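A.B. asks: First, the structure itself, so that you have it in front of you.
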Amino acid sequence: MSQSDIKKVKLSIDKNIGSKVKIRANRGRHKIDVTEGVIKQTYPSIFLVDVENKLDSSIQTVSFSYTDVLTRDVRMQLI
């Protein structure tokens, strides 16, 4: 995993700010979260996604790192 790979992932996510995505996050110990959200903002090491809580319709902001995407701990698909 090189710095140029991380930059490619960041640029790809930068292009899709405001887009709706389906996120499949591996939380360890056979726990996998599947949610939908909107890419809100990017920073040098992380990016933010607004996720709607289906139980009470509140919006929660979740952060992920670009290395999570590279290591496939987080998989994203545009909707």
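Just remember, in the structure tokens the first chain shown is A, the second B, etc., residues are 1-based per chain, and ligands are 1-based in the order shown.
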If you run DSSP on this backbone, which residues of region 29-63 of chain A come out as strand (DSSP E or B), and could you give them as a count of residues only?

C.D. replies: 24

A.B. asks: Residues of chain A classed as helix (DSSP H, G or I) by DSSP on the backbone are to be reported as a VMD selection string.

C.D. replies: chain A and resid 3 to 15 66 to 70

A.B. asks: Measuring atom to atom with only C-alpha atoms, identify which of A:Ser4, A:Gln77, A:Ser19, A:Ser12 is nearest to Thr35 (chain A).

C.D. replies: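 Of A:Ser4, A:Gln77, A:Ser19, A:Ser12, the one nearest Thr35 (chain A) is A:Gln77, counting only C-alpha atoms.
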
A.B. asks: Closest to Ile17 (chain A) among A:Leu78, A:Val34, A:Asp73, A:Asn53, using only C-alpha atoms?

C.D. replies: A:Leu78

A.B. asks: Compile the contact shell of Ile32 (chain A) as a list in words: residues with an atom at most 12 Å away, counting only C-alpha atoms, same-chain residues fewer than 5 positions apart removed.

C.D. replies: Ile23, Arg24, Ala25, Asn26, Arg27, Asp73, Val74 and Arg75 of chain A

A.B. asks: Deliver the residues from the most recent selection as a file, using C-alpha atoms, as a compact mmCIF listing (two decimals), in the first residue's frame.

C.D. replies:
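Output (part_4.txt):
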# COMPACT_ATOMS: atom_id res chain seq x y z
CA ILE A 23 -21.41 0.84 2.62
CA ARG A 24 -20.41 -2.62 3.78
CA ALA A 25 -18.09 -2.28 6.78
CA ASN A 26 -16.27 -5.20 8.38
CA ARG A 27 -16.27 -4.50 12.14
CA ASP A 73 -12.48 -3.45 5.47
CA VAL A 74 -14.93 -0.94 3.97
CA ARG A 75 -16.54 -1.51 0.59

A.B. asks: Got a sec: who's within 10 Å of Ile46 (chain A), counting only C-alpha atoms, leaving out chain neighbours fewer than 2 positions off, as a list of chain:residue names?

C.D. replies: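 The residues satisfying every condition are A:Lys10, A:Gln41, A:Thr42, A:Tyr43, A:Pro44, A:Leu48, A:Ser63, A:Phe64, A:Ser65, A:Tyr66, A:Thr67, A:Asp68.
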
A.B. asks: With distances taken over only C-alpha atoms, which of A:Val62, A:Leu11, A:Met76, A:Val21 is nearest to Val49 (chain A)?

C.D. replies: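 Checking each candidate against Val49 (chain A), we get A:Val62 as the closest.
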
A.B. asks: Calculate how many Å separate CA of Ile39 (chain A) from CA of Ile13 (chain A), rounding to one decimal.

C.D. replies: 7.9 Å

A.B. asks: For a quick check of understanding, using only C-alpha atoms, which of A:Thr71, A:Lys31, A:Asp5, A:Gly18 has the smallest distance to Phe47 (chain A)?

C.D. replies: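 Comparing A:Thr71, A:Lys31, A:Asp5, A:Gly18 against Phe47 (chain A), the winner is A:Gly18.
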
A.B. asks: Give the answer as one residue: which of A:His30, A:Lys7, A:Ser2, A:Ser58 has the shortest atom-to-atom distance to Ser45 (chain A), using only C-alpha atoms?

C.D. replies: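 Between A:His30, A:Lys7, A:Ser2, A:Ser58, the residue approaching Ser45 (chain A) most closely is A:Lys7.
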